[in-house]
file run.tsv (TSV, N, CA and C atoms and all ligand atoms)
chain	number	residue	atom	x	y	z
I	296	MET	N	-0.10	-0.95	18.05
I	296	MET	CA	1.19	-0.27	17.88
I	296	MET	C	1.64	-0.34	16.42
I	297	THR	N	2.13	0.75	15.92
I	297	THR	CA	2.61	0.78	14.53
I	297	THR	C	3.89	-0.03	14.41
I	298	LYS	N	3.84	-1.05	13.59
I	298	LYS	CA	5.01	-1.92	13.48
I	298	LYS	C	5.57	-1.98	12.06
I	299	PHE	N	4.72	-1.63	11.10
I	299	PHE	CA	5.14	-1.72	9.71
I	299	PHE	C	4.89	-0.41	8.97
I	300	LYS	N	5.70	-0.18	7.96
I	300	LYS	CA	5.44	0.97	7.08
I	300	LYS	C	4.90	0.43	5.77
I	301	LEU	N	3.68	0.85	5.44
I	301	LEU	CA	3.06	0.50	4.17
I	301	LEU	C	3.39	1.63	3.19
I	302	GLU	N	3.89	1.27	2.02
I	302	GLU	CA	4.23	2.29	1.03
I	302	GLU	C	3.61	1.98	-0.32
I	303	HIS	N	3.26	3.04	-1.03
I	303	HIS	CA	2.66	2.91	-2.35
I	303	HIS	C	3.43	3.78	-3.33
I	304	ASN	N	4.04	3.14	-4.30
I	304	ASN	CA	4.72	3.86	-5.37
I	304	ASN	C	3.63	4.31	-6.35
I	305	ARG	N	2.96	5.36	-5.96
I	305	ARG	CA	1.77	5.82	-6.69
I	305	ARG	C	2.06	6.20	-8.15
I	306	PRO	N	3.19	6.85	-8.45
I	306	PRO	CA	3.47	7.19	-9.85
I	306	PRO	C	3.46	5.98	-10.78
I	307	ASP	N	3.83	4.82	-10.28
I	307	ASP	CA	3.90	3.63	-11.13
I	307	ASP	C	2.65	2.75	-11.04
I	308	CYS	N	1.66	3.17	-10.27
I	308	CYS	CA	0.40	2.42	-10.15
I	308	CYS	C	-0.35	2.51	-11.49
I	309	ILE	N	-0.85	1.36	-11.96
I	309	ILE	CA	-1.58	1.35	-13.24
I	309	ILE	C	-3.10	1.36	-13.04
I	310	GLY	N	-3.52	1.47	-11.78
I	310	GLY	CA	-4.95	1.63	-11.49
I	310	GLY	C	-5.82	0.44	-11.80
I	311	CYS	N	-5.28	-0.76	-11.60
I	311	CYS	CA	-6.06	-1.96	-11.92
I	311	CYS	C	-7.18	-2.23	-10.91
I	312	GLY	N	-7.04	-1.70	-9.71
I	312	GLY	CA	-8.10	-1.86	-8.71
I	312	GLY	C	-8.01	-3.10	-7.86
I	313	ALA	N	-7.01	-3.93	-8.08
I	313	ALA	CA	-6.91	-5.20	-7.34
I	313	ALA	C	-6.73	-4.99	-5.83
I	314	CYS	N	-5.91	-4.02	-5.46
I	314	CYS	CA	-5.66	-3.78	-4.03
I	314	CYS	C	-6.95	-3.37	-3.32
I	315	ALA	N	-7.71	-2.49	-3.96
I	315	ALA	CA	-8.97	-2.01	-3.37
I	315	ALA	C	-10.00	-3.13	-3.29
I	316	ALA	N	-9.90	-4.10	-4.20
I	316	ALA	CA	-10.84	-5.22	-4.19
I	316	ALA	C	-10.55	-6.17	-3.03
I	317	VAL	N	-9.28	-6.43	-2.74
I	317	VAL	CA	-8.96	-7.38	-1.67
I	317	VAL	C	-8.85	-6.73	-0.29
I	318	ALA	N	-8.52	-5.44	-0.25
I	318	ALA	CA	-8.31	-4.78	1.04
I	318	ALA	C	-8.91	-3.37	1.05
I	319	PRO	N	-10.25	-3.29	0.92
I	319	PRO	CA	-10.90	-1.98	0.83
I	319	PRO	C	-10.74	-1.13	2.09
I	320	GLU	N	-10.42	-1.78	3.20
I	320	GLU	CA	-10.16	-1.04	4.44
I	320	GLU	C	-8.95	-0.12	4.29
I	321	PHE	N	-8.01	-0.56	3.46
I	321	PHE	CA	-6.75	0.18	3.33
I	321	PHE	C	-6.52	0.81	1.97
I	322	TRP	N	-7.25	0.34	0.96
I	322	TRP	CA	-7.01	0.80	-0.41
I	322	TRP	C	-8.29	1.24	-1.07
I	323	GLU	N	-8.25	2.38	-1.73
I	323	GLU	CA	-9.42	2.89	-2.45
I	323	GLU	C	-8.96	3.49	-3.77
I	324	MET	N	-9.91	3.53	-4.72
I	324	MET	CA	-9.57	4.10	-6.02
I	324	MET	C	-9.85	5.61	-6.01
I	325	HIS	N	-8.98	6.35	-6.68
I	325	HIS	CA	-9.10	7.81	-6.72
I	325	HIS	C	-9.60	8.25	-8.10
I	326	ASP	N	-10.10	9.49	-8.16
I	326	ASP	CA	-10.63	10.05	-9.41
I	326	ASP	C	-9.63	10.01	-10.57
I	327	ASP	N	-8.36	10.08	-10.26
I	327	ASP	CA	-7.35	10.11	-11.33
I	327	ASP	C	-7.03	8.72	-11.86
I	328	GLY	N	-7.77	7.70	-11.38
I	328	GLY	CA	-7.60	6.35	-11.91
I	328	GLY	C	-6.59	5.52	-11.17
I	329	LYS	N	-5.87	6.11	-10.22
I	329	LYS	CA	-4.90	5.33	-9.44
I	329	LYS	C	-5.50	5.02	-8.07
I	330	SER	N	-4.84	4.13	-7.34
I	330	SER	CA	-5.34	3.83	-6.00
I	330	SER	C	-4.66	4.73	-4.98
I	331	ASP	N	-5.28	4.79	-3.82
I	331	ASP	CA	-4.74	5.53	-2.68
I	331	ASP	C	-4.75	4.63	-1.45
I	332	ILE	N	-3.77	4.81	-0.59
I	332	ILE	CA	-3.85	4.22	0.75
I	332	ILE	C	-4.85	5.07	1.52
I	333	VAL	N	-5.88	4.44	2.09
I	333	VAL	CA	-6.86	5.18	2.87
I	333	VAL	C	-6.14	5.89	4.03
I	334	LYS	N	-6.30	7.17	4.12
I	334	LYS	CA	-5.66	8.00	5.15
I	334	LYS	C	-4.12	7.98	5.07
I	335	GLY	N	-3.61	7.61	3.90
I	335	GLY	CA	-2.15	7.61	3.74
I	335	GLY	C	-1.60	9.02	3.57
I	336	ILE	N	-0.35	9.19	3.96
I	336	ILE	CA	0.32	10.49	3.81
I	336	ILE	C	0.88	10.58	2.39
I	337	HIS	N	0.62	11.70	1.72
I	337	HIS	CA	1.18	11.91	0.38
I	337	HIS	C	2.56	12.56	0.52
I	338	ARG	N	3.59	11.87	0.02
I	338	ARG	CA	4.96	12.39	0.12
I	338	ARG	C	5.29	13.25	-1.09
I	339	ASP	N	6.35	14.05	-0.95
I	339	ASP	CA	6.79	14.93	-2.04
I	339	ASP	C	7.21	14.15	-3.29
I	340	ASP	N	7.67	12.92	-3.09
I	340	ASP	CA	8.12	12.12	-4.25
I	340	ASP	C	6.96	11.43	-4.97
I	341	GLY	N	5.73	11.71	-4.52
I	341	GLY	CA	4.58	11.12	-5.20
I	341	GLY	C	4.12	9.81	-4.60
I	342	TRP	N	4.96	9.23	-3.73
I	342	TRP	CA	4.58	7.99	-3.05
I	342	TRP	C	3.64	8.34	-1.90
I	343	GLN	N	3.01	7.30	-1.37
I	343	GLN	CA	2.21	7.44	-0.16
I	343	GLN	C	2.74	6.48	0.89
I	344	GLU	N	2.49	6.81	2.16
I	344	GLU	CA	2.86	5.87	3.21
I	344	GLU	C	1.90	5.95	4.38
I	345	LEU	N	1.89	4.86	5.15
I	345	LEU	CA	1.03	4.78	6.33
I	345	LEU	C	1.63	3.76	7.29
I	346	GLY	N	1.63	4.07	8.56
I	346	GLY	CA	2.07	3.11	9.56
I	346	GLY	C	0.93	2.14	9.84
I	347	VAL	N	1.22	0.84	9.86
I	347	VAL	CA	0.17	-0.14	10.13
I	347	VAL	C	0.61	-1.11	11.23
I	348	GLU	N	-0.40	-1.71	11.86
I	348	GLU	CA	-0.16	-2.61	12.97
I	348	GLU	C	0.00	-4.06	12.51
I	349	GLU	N	0.49	-4.87	13.43
I	349	GLU	CA	0.69	-6.30	13.15
I	349	GLU	C	-0.58	-6.95	12.59
I	350	LYS	N	-1.73	-6.62	13.18
I	350	LYS	CA	-2.99	-7.25	12.76
I	350	LYS	C	-3.35	-6.90	11.31
I	351	ASP	N	-2.78	-5.85	10.77
I	351	ASP	CA	-3.11	-5.41	9.41
I	351	ASP	C	-2.07	-5.85	8.37
I	352	LYS	N	-1.08	-6.59	8.84
I	352	LYS	CA	0.01	-7.01	7.96
I	352	LYS	C	-0.47	-7.95	6.86
I	353	GLU	N	-1.19	-9.00	7.25
I	353	GLU	CA	-1.57	-10.03	6.27
I	353	GLU	C	-2.42	-9.48	5.14
I	354	LEU	N	-3.38	-8.64	5.50
I	354	LEU	CA	-4.28	-8.07	4.50
I	354	LEU	C	-3.49	-7.22	3.50
I	355	ASN	N	-2.54	-6.46	3.99
I	355	ASN	CA	-1.76	-5.63	3.08
I	355	ASN	C	-0.72	-6.43	2.31
I	356	MET	N	-0.28	-7.54	2.89
I	356	MET	CA	0.59	-8.45	2.13
I	356	MET	C	-0.20	-9.03	0.95
I	357	GLU	N	-1.47	-9.30	1.22
I	357	GLU	CA	-2.34	-9.83	0.17
I	357	GLU	C	-2.52	-8.78	-0.94
I	358	ALA	N	-2.74	-7.55	-0.54
I	358	ALA	CA	-2.88	-6.46	-1.53
I	358	ALA	C	-1.60	-6.36	-2.36
I	359	ALA	N	-0.47	-6.46	-1.69
I	359	ALA	CA	0.82	-6.37	-2.41
I	359	ALA	C	0.99	-7.55	-3.36
I	360	ASP	N	0.53	-8.73	-2.92
I	360	ASP	CA	0.66	-9.93	-3.75
I	360	ASP	C	-0.17	-9.85	-5.03
I	361	VAL	N	-1.34	-9.22	-4.94
I	361	VAL	CA	-2.19	-9.16	-6.13
I	361	VAL	C	-1.85	-7.98	-7.04
I	362	CYS	N	-0.99	-7.08	-6.59
I	362	CYS	CA	-0.61	-5.93	-7.42
I	362	CYS	C	0.26	-6.40	-8.59
I	363	PRO	N	-0.20	-6.18	-9.82
I	363	PRO	CA	0.53	-6.72	-10.97
I	363	PRO	C	1.84	-5.99	-11.28
I	364	VAL	N	2.02	-4.81	-10.71
I	364	VAL	CA	3.25	-4.06	-11.02
I	364	VAL	C	4.12	-3.81	-9.77
I	365	ASN	N	3.78	-4.52	-8.70
I	365	ASN	CA	4.61	-4.50	-7.48
I	365	ASN	C	4.94	-3.11	-6.95
I	366	VAL	N	3.90	-2.30	-6.81
I	366	VAL	CA	4.14	-0.94	-6.30
I	366	VAL	C	3.70	-0.78	-4.83
I	367	ILE	N	3.34	-1.91	-4.21
I	367	ILE	CA	2.96	-1.88	-2.79
I	367	ILE	C	4.07	-2.55	-1.98
I	368	HIS	N	4.53	-1.86	-0.95
I	368	HIS	CA	5.65	-2.37	-0.16
I	368	HIS	C	5.35	-2.30	1.33
I	369	LEU	N	5.90	-3.25	2.06
I	369	LEU	CA	5.76	-3.27	3.51
I	369	LEU	C	7.13	-3.46	4.14
I	370	THR	N	7.46	-2.62	5.10
I	370	THR	CA	8.74	-2.71	5.79
I	370	THR	C	8.51	-2.82	7.29
I	371	ASN	N	9.21	-3.74	7.93
I	371	ASN	CA	9.17	-3.85	9.38
I	371	ASN	C	9.98	-2.70	9.98
I	372	LEU	N	9.34	-1.85	10.75
I	372	LEU	CA	10.01	-0.65	11.27
I	372	LEU	C	11.07	-0.98	12.32
I	373	GLU	N	10.92	-2.11	13.00
I	373	GLU	CA	11.90	-2.46	14.03
I	373	GLU	C	13.16	-3.05	13.42
I	374	THR	N	12.97	-3.98	12.50
I	374	THR	CA	14.13	-4.69	11.95
I	374	THR	C	14.60	-4.08	10.61
I	375	LYS	N	13.79	-3.18	10.05
I	375	LYS	CA	14.05	-2.56	8.73
I	375	LYS	C	13.94	-3.57	7.58
I	376	GLU	N	13.48	-4.78	7.92
I	376	GLU	CA	13.34	-5.80	6.89
I	376	GLU	C	12.22	-5.43	5.91
I	377	LYS	N	12.51	-5.51	4.62
I	377	LYS	CA	11.50	-5.26	3.60
I	377	LYS	C	10.79	-6.58	3.33
I	378	LEU	N	9.50	-6.63	3.66
I	378	LEU	CA	8.75	-7.88	3.52
I	378	LEU	C	8.32	-8.09	2.07
I	379	ILE	N	8.07	-6.99	1.38
I	379	ILE	CA	7.66	-7.10	-0.03
I	379	ILE	C	7.85	-5.75	-0.70
Q	1	LIG	S1	-3.05	-3.34	-7.31
Q	1	LIG	FE1	-1.21	-2.10	-7.72
Q	1	LIG	S2	-1.46	-1.28	-9.81
Q	1	LIG	FE2	-3.46	-2.04	-9.11
Q	1	LIG	S3	-4.47	-0.21	-8.29
Q	1	LIG	FE3	-3.49	-1.27	-6.56
Q	1	LIG	S4	-1.44	-0.35	-6.37
Q	1	LIG	FE4	-2.27	0.25	-8.38
call {"tool": "encode", "arguments": {"input": "run.tsv", "output": "structure tokens", "more": "lines below"}}
Ligand code: SF4
result
Amino acid sequence: MTKFKLEHNRPDCIGCGACAAVAPEFWEMHDDGKSDIVKGIHRDDGWQELGVEEKDKELNMEAADVCPVNVIHLTNLETKEKLI
């Protein structure tokens, strides 16, 4: 069940590749030098988002932790709590 919203502030991504290194299931590098959420939806504001399950929370928290510019965010859809 989708419990969290994973978001990527793609315009501010510096393309370091750290997210794709720790969580390749969810993060990949794109031709333009920035990362993408695998199968993520591209929004009009340039961000990406994807609904993720409880089992995928820790891995994406890790990706967010290693991001040097803090452009990866996770929100609990039930409580609206922003985890990172
Ligand atoms: S870790 Fe952050 S800055 Fe680096 S590629 Fe991933 S989202 Fe972009």
call {"tool": "atom_distance", "arguments": {"input": "run.tsv", "atom1": "atom C of Ile379 (chain I)", "atom2": "CA of Ile367 (chain I)"}}
result
6.6 Å
call {"tool": "residues_around", "arguments": {"input": "run.tsv", "residues": "His303 (chain I)", "least_positions_apart": "6", "cutoff": "6 Å", "atoms": "all atoms listed in the file", "output": "PyMOL selection string"}}
result
chain I and resi 342-344+366-368
call {"tool": "closest_atom_pairs", "arguments": {"input": "run.tsv", "of": "chain I", "to": "ligand LIG 1 (chain Q)", "cutoff": "8 Å", "atoms": "only C-alpha atoms and all ligand atoms", "output": "Markdown table"}}
result
| residue | atom | partner | partner_atom | distance |
| --- | --- | --- | --- | --- |
| I:His303 | CA | Q:LIG1 | S4 | 6.6 |
| I:Asn304 | CA | Q:LIG1 | S4 | 7.5 |
| I:Arg305 | CA | Q:LIG1 | S4 | 7.0 |
| I:Asp307 | CA | Q:LIG1 | S2 | 7.4 |
| I:Cys308 | CA | Q:LIG1 | FE4 | 3.9 |
| I:Ile309 | CA | Q:LIG1 | S2 | 4.3 |
| I:Gly310 | CA | Q:LIG1 | S3 | 3.7 |
| I:Cys311 | CA | Q:LIG1 | FE2 | 3.8 |
| I:Gly312 | CA | Q:LIG1 | S3 | 4.0 |
| I:Ala313 | CA | Q:LIG1 | S1 | 4.3 |
| I:Cys314 | CA | Q:LIG1 | FE3 | 4.2 |
| I:Ala315 | CA | Q:LIG1 | FE3 | 6.4 |
| I:Trp322 | CA | Q:LIG1 | FE3 | 7.4 |
| I:Met324 | CA | Q:LIG1 | S3 | 7.1 |
| I:Lys329 | CA | Q:LIG1 | S3 | 5.7 |
| I:Ser330 | CA | Q:LIG1 | S3 | 4.7 |
| I:Asp331 | CA | Q:LIG1 | S4 | 7.7 |
| I:Ala358 | CA | Q:LIG1 | S1 | 6.6 |
| I:Ala359 | CA | Q:LIG1 | S1 | 6.9 |
| I:Val361 | CA | Q:LIG1 | S1 | 6.0 |
| I:Cys362 | CA | Q:LIG1 | S1 | 3.6 |
| I:Pro363 | CA | Q:LIG1 | S2 | 5.9 |
| I:Val364 | CA | Q:LIG1 | S2 | 5.6 |
| I:Asn365 | CA | Q:LIG1 | FE1 | 6.3 |
| I:Val366 | CA | Q:LIG1 | S4 | 5.6 |
| I:Ile367 | CA | Q:LIG1 | S4 | 5.9 |
call {"tool": "write_last_selection", "arguments": {"input": "run.tsv", "atoms": "N, CA and C atoms", "output": "PDB file, keeping the file's coordinate frame"}}
result
ATOM      1  N   HIS I 303       3.260   3.040  -1.030  1.00  0.00           N
ATOM      2  CA  HIS I 303       2.660   2.910  -2.350  1.00  0.00           C
ATOM      3  C   HIS I 303       3.430   3.780  -3.330  1.00  0.00           C
ATOM      4  N   ASN I 304       4.040   3.140  -4.300  1.00  0.00           N
ATOM      5  CA  ASN I 304       4.720   3.860  -5.370  1.00  0.00           C
ATOM      6  C   ASN I 304       3.630   4.310  -6.350  1.00  0.00           C
ATOM      7  N   ARG I 305       2.960   5.360  -5.960  1.00  0.00           N
ATOM      8  CA  ARG I 305       1.770   5.820  -6.690  1.00  0.00           C
ATOM      9  C   ARG I 305       2.060   6.200  -8.150  1.00  0.00           C
ATOM     10  N   ASP I 307       3.830   4.820 -10.280  1.00  0.00           N
ATOM     11  CA  ASP I 307       3.900   3.630 -11.130  1.00  0.00           C
ATOM     12  C   ASP I 307       2.650   2.750 -11.040  1.00  0.00           C
ATOM     13  N   CYS I 308       1.660   3.170 -10.270  1.00  0.00           N
ATOM     14  CA  CYS I 308       0.400   2.420 -10.150  1.00  0.00           C
ATOM     15  C   CYS I 308      -0.350   2.510 -11.490  1.00  0.00           C
ATOM     16  N   ILE I 309      -0.850   1.360 -11.960  1.00  0.00           N
ATOM     17  CA  ILE I 309      -1.580   1.350 -13.240  1.00  0.00           C
ATOM     18  C   ILE I 309      -3.100   1.360 -13.040  1.00  0.00           C
ATOM     19  N   GLY I 310      -3.520   1.470 -11.780  1.00  0.00           N
ATOM     20  CA  GLY I 310      -4.950   1.630 -11.490  1.00  0.00           C
ATOM     21  C   GLY I 310      -5.820   0.440 -11.800  1.00  0.00           C
ATOM     22  N   CYS I 311      -5.280  -0.760 -11.600  1.00  0.00           N
ATOM     23  CA  CYS I 311      -6.060  -1.960 -11.920  1.00  0.00           C
ATOM     24  C   CYS I 311      -7.180  -2.230 -10.910  1.00  0.00           C
ATOM     25  N   GLY I 312      -7.040  -1.700  -9.710  1.00  0.00           N
ATOM     26  CA  GLY I 312      -8.100  -1.860  -8.710  1.00  0.00           C
ATOM     27  C   GLY I 312      -8.010  -3.100  -7.860  1.00  0.00           C
ATOM     28  N   ALA I 313      -7.010  -3.930  -8.080  1.00  0.00           N
ATOM     29  CA  ALA I 313      -6.910  -5.200  -7.340  1.00  0.00           C
ATOM     30  C   ALA I 313      -6.730  -4.990  -5.830  1.00  0.00           C
ATOM     31  N   CYS I 314      -5.910  -4.020  -5.460  1.00  0.00           N
ATOM     32  CA  CYS I 314      -5.660  -3.780  -4.030  1.00  0.00           C
ATOM     33  C   CYS I 314      -6.950  -3.370  -3.320  1.00  0.00           C
ATOM     34  N   ALA I 315      -7.710  -2.490  -3.960  1.00  0.00           N
ATOM     35  CA  ALA I 315      -8.970  -2.010  -3.370  1.00  0.00           C
ATOM     36  C   ALA I 315     -10.000  -3.130  -3.290  1.00  0.00           C
ATOM     37  N   TRP I 322      -7.250   0.340   0.960  1.00  0.00           N
ATOM     38  CA  TRP I 322      -7.010   0.800  -0.410  1.00  0.00           C
ATOM     39  C   TRP I 322      -8.290   1.240  -1.070  1.00  0.00           C
ATOM     40  N   MET I 324      -9.910   3.530  -4.720  1.00  0.00           N
ATOM     41  CA  MET I 324      -9.570   4.100  -6.020  1.00  0.00           C
ATOM     42  C   MET I 324      -9.850   5.610  -6.010  1.00  0.00           C
ATOM     43  N   LYS I 329      -5.870   6.110 -10.220  1.00  0.00           N
ATOM     44  CA  LYS I 329      -4.900   5.330  -9.440  1.00  0.00           C
ATOM     45  C   LYS I 329      -5.500   5.020  -8.070  1.00  0.00           C
ATOM     46  N   SER I 330      -4.840   4.130  -7.340  1.00  0.00           N
ATOM     47  CA  SER I 330      -5.340   3.830  -6.000  1.00  0.00           C
ATOM     48  C   SER I 330      -4.660   4.730  -4.980  1.00  0.00           C
ATOM     49  N   ASP I 331      -5.280   4.790  -3.820  1.00  0.00           N
ATOM     50  CA  ASP I 331      -4.740   5.530  -2.680  1.00  0.00           C
ATOM     51  C   ASP I 331      -4.750   4.630  -1.450  1.00  0.00           C
ATOM     52  N   ALA I 358      -2.740  -7.550  -0.540  1.00  0.00           N
ATOM     53  CA  ALA I 358      -2.880  -6.460  -1.530  1.00  0.00           C
ATOM     54  C   ALA I 358      -1.600  -6.360  -2.360  1.00  0.00           C
ATOM     55  N   ALA I 359      -0.470  -6.460  -1.690  1.00  0.00           N
ATOM     56  CA  ALA I 359       0.820  -6.370  -2.410  1.00  0.00           C
ATOM     57  C   ALA I 359       0.990  -7.550  -3.360  1.00  0.00           C
ATOM     58  N   VAL I 361      -1.340  -9.220  -4.940  1.00  0.00           N
ATOM     59  CA  VAL I 361      -2.190  -9.160  -6.130  1.00  0.00           C
ATOM     60  C   VAL I 361      -1.850  -7.980  -7.040  1.00  0.00           C
ATOM     61  N   CYS I 362      -0.990  -7.080  -6.590  1.00  0.00           N
ATOM     62  CA  CYS I 362      -0.610  -5.930  -7.420  1.00  0.00           C
ATOM     63  C   CYS I 362       0.260  -6.400  -8.590  1.00  0.00           C
ATOM     64  N   PRO I 363      -0.200  -6.180  -9.820  1.00  0.00           N
ATOM     65  CA  PRO I 363       0.530  -6.720 -10.970  1.00  0.00           C
ATOM     66  C   PRO I 363       1.840  -5.990 -11.280  1.00  0.00           C
ATOM     67  N   VAL I 364       2.020  -4.810 -10.710  1.00  0.00           N
ATOM     68  CA  VAL I 364       3.250  -4.060 -11.020  1.00  0.00           C
ATOM     69  C   VAL I 364       4.120  -3.810  -9.770  1.00  0.00           C
ATOM     70  N   ASN I 365       3.780  -4.520  -8.700  1.00  0.00           N
ATOM     71  CA  ASN I 365       4.610  -4.500  -7.480  1.00  0.00           C
ATOM     72  C   ASN I 365       4.940  -3.110  -6.950  1.00  0.00           C
ATOM     73  N   VAL I 366       3.900  -2.300  -6.810  1.00  0.00           N
ATOM     74  CA  VAL I 366       4.140  -0.940  -6.300  1.00  0.00           C
ATOM     75  C   VAL I 366       3.700  -0.780  -4.830  1.00  0.00           C
ATOM     76  N   ILE I 367       3.340  -1.910  -4.210  1.00  0.00           N
ATOM     77  CA  ILE I 367       2.960  -1.880  -2.790  1.00  0.00           C
ATOM     78  C   ILE I 367       4.070  -2.550  -1.980  1.00  0.00           C
TER      79      ILE I 367
END
call {"tool": "residues_around", "arguments": {"input": "run.tsv", "residues": "Lys334 (chain I)", "least_positions_apart": "2", "cutoff": "8 Å", "atoms": "only C-alpha atoms", "output": "list in words"}}
result
Ile332, Ile336 and Leu345 of chain I
call {"tool": "write_last_selection", "arguments": {"input": "run.tsv", "atoms": "N, CA and C atoms", "output": "CSV table (one decimal), keeping the file's coordinate frame"}}
result
chain,number,residue,atom,x,y,z
I,332,ILE,N,-3.8,4.8,-0.6
I,332,ILE,CA,-3.8,4.2,0.8
I,332,ILE,C,-4.8,5.1,1.5
I,336,ILE,N,-0.4,9.2,4.0
I,336,ILE,CA,0.3,10.5,3.8
I,336,ILE,C,0.9,10.6,2.4
I,345,LEU,N,1.9,4.9,5.2
I,345,LEU,CA,1.0,4.8,6.3
I,345,LEU,C,1.6,3.8,7.3
call {"tool": "residues_around", "arguments": {"input": "run.tsv", "residues": "Val333 (chain I)", "least_positions_apart": "5", "cutoff": "8 Å", "atoms": "only C-alpha atoms", "output": "PDB file with N, CA and C atoms, in the coordinates of the input"}}
result
ATOM      1  N   GLU I 320     -10.420  -1.780   3.200  1.00  0.00           N
ATOM      2  CA  GLU I 320     -10.160  -1.040   4.440  1.00  0.00           C
ATOM      3  C   GLU I 320      -8.950  -0.120   4.290  1.00  0.00           C
ATOM      4  N   PHE I 321      -8.010  -0.560   3.460  1.00  0.00           N
ATOM      5  CA  PHE I 321      -6.750   0.180   3.330  1.00  0.00           C
ATOM      6  C   PHE I 321      -6.520   0.810   1.970  1.00  0.00           C
ATOM      7  N   TRP I 322      -7.250   0.340   0.960  1.00  0.00           N
ATOM      8  CA  TRP I 322      -7.010   0.800  -0.410  1.00  0.00           C
ATOM      9  C   TRP I 322      -8.290   1.240  -1.070  1.00  0.00           C
ATOM     10  N   GLU I 323      -8.250   2.380  -1.730  1.00  0.00           N
ATOM     11  CA  GLU I 323      -9.420   2.890  -2.450  1.00  0.00           C
ATOM     12  C   GLU I 323      -8.960   3.490  -3.770  1.00  0.00           C
TER      13      GLU I 323
END
call {"tool": "residues_near_point", "arguments": {"input": "run.tsv", "point": "(-2.1, 4.8, 11.9)", "cutoff": "8 Å", "atoms": "all atoms listed in the file", "output": "list in words"}}
result
Met296, Thr297, Lys334, Leu345, Gly346, Val347 and Glu348 of chain I
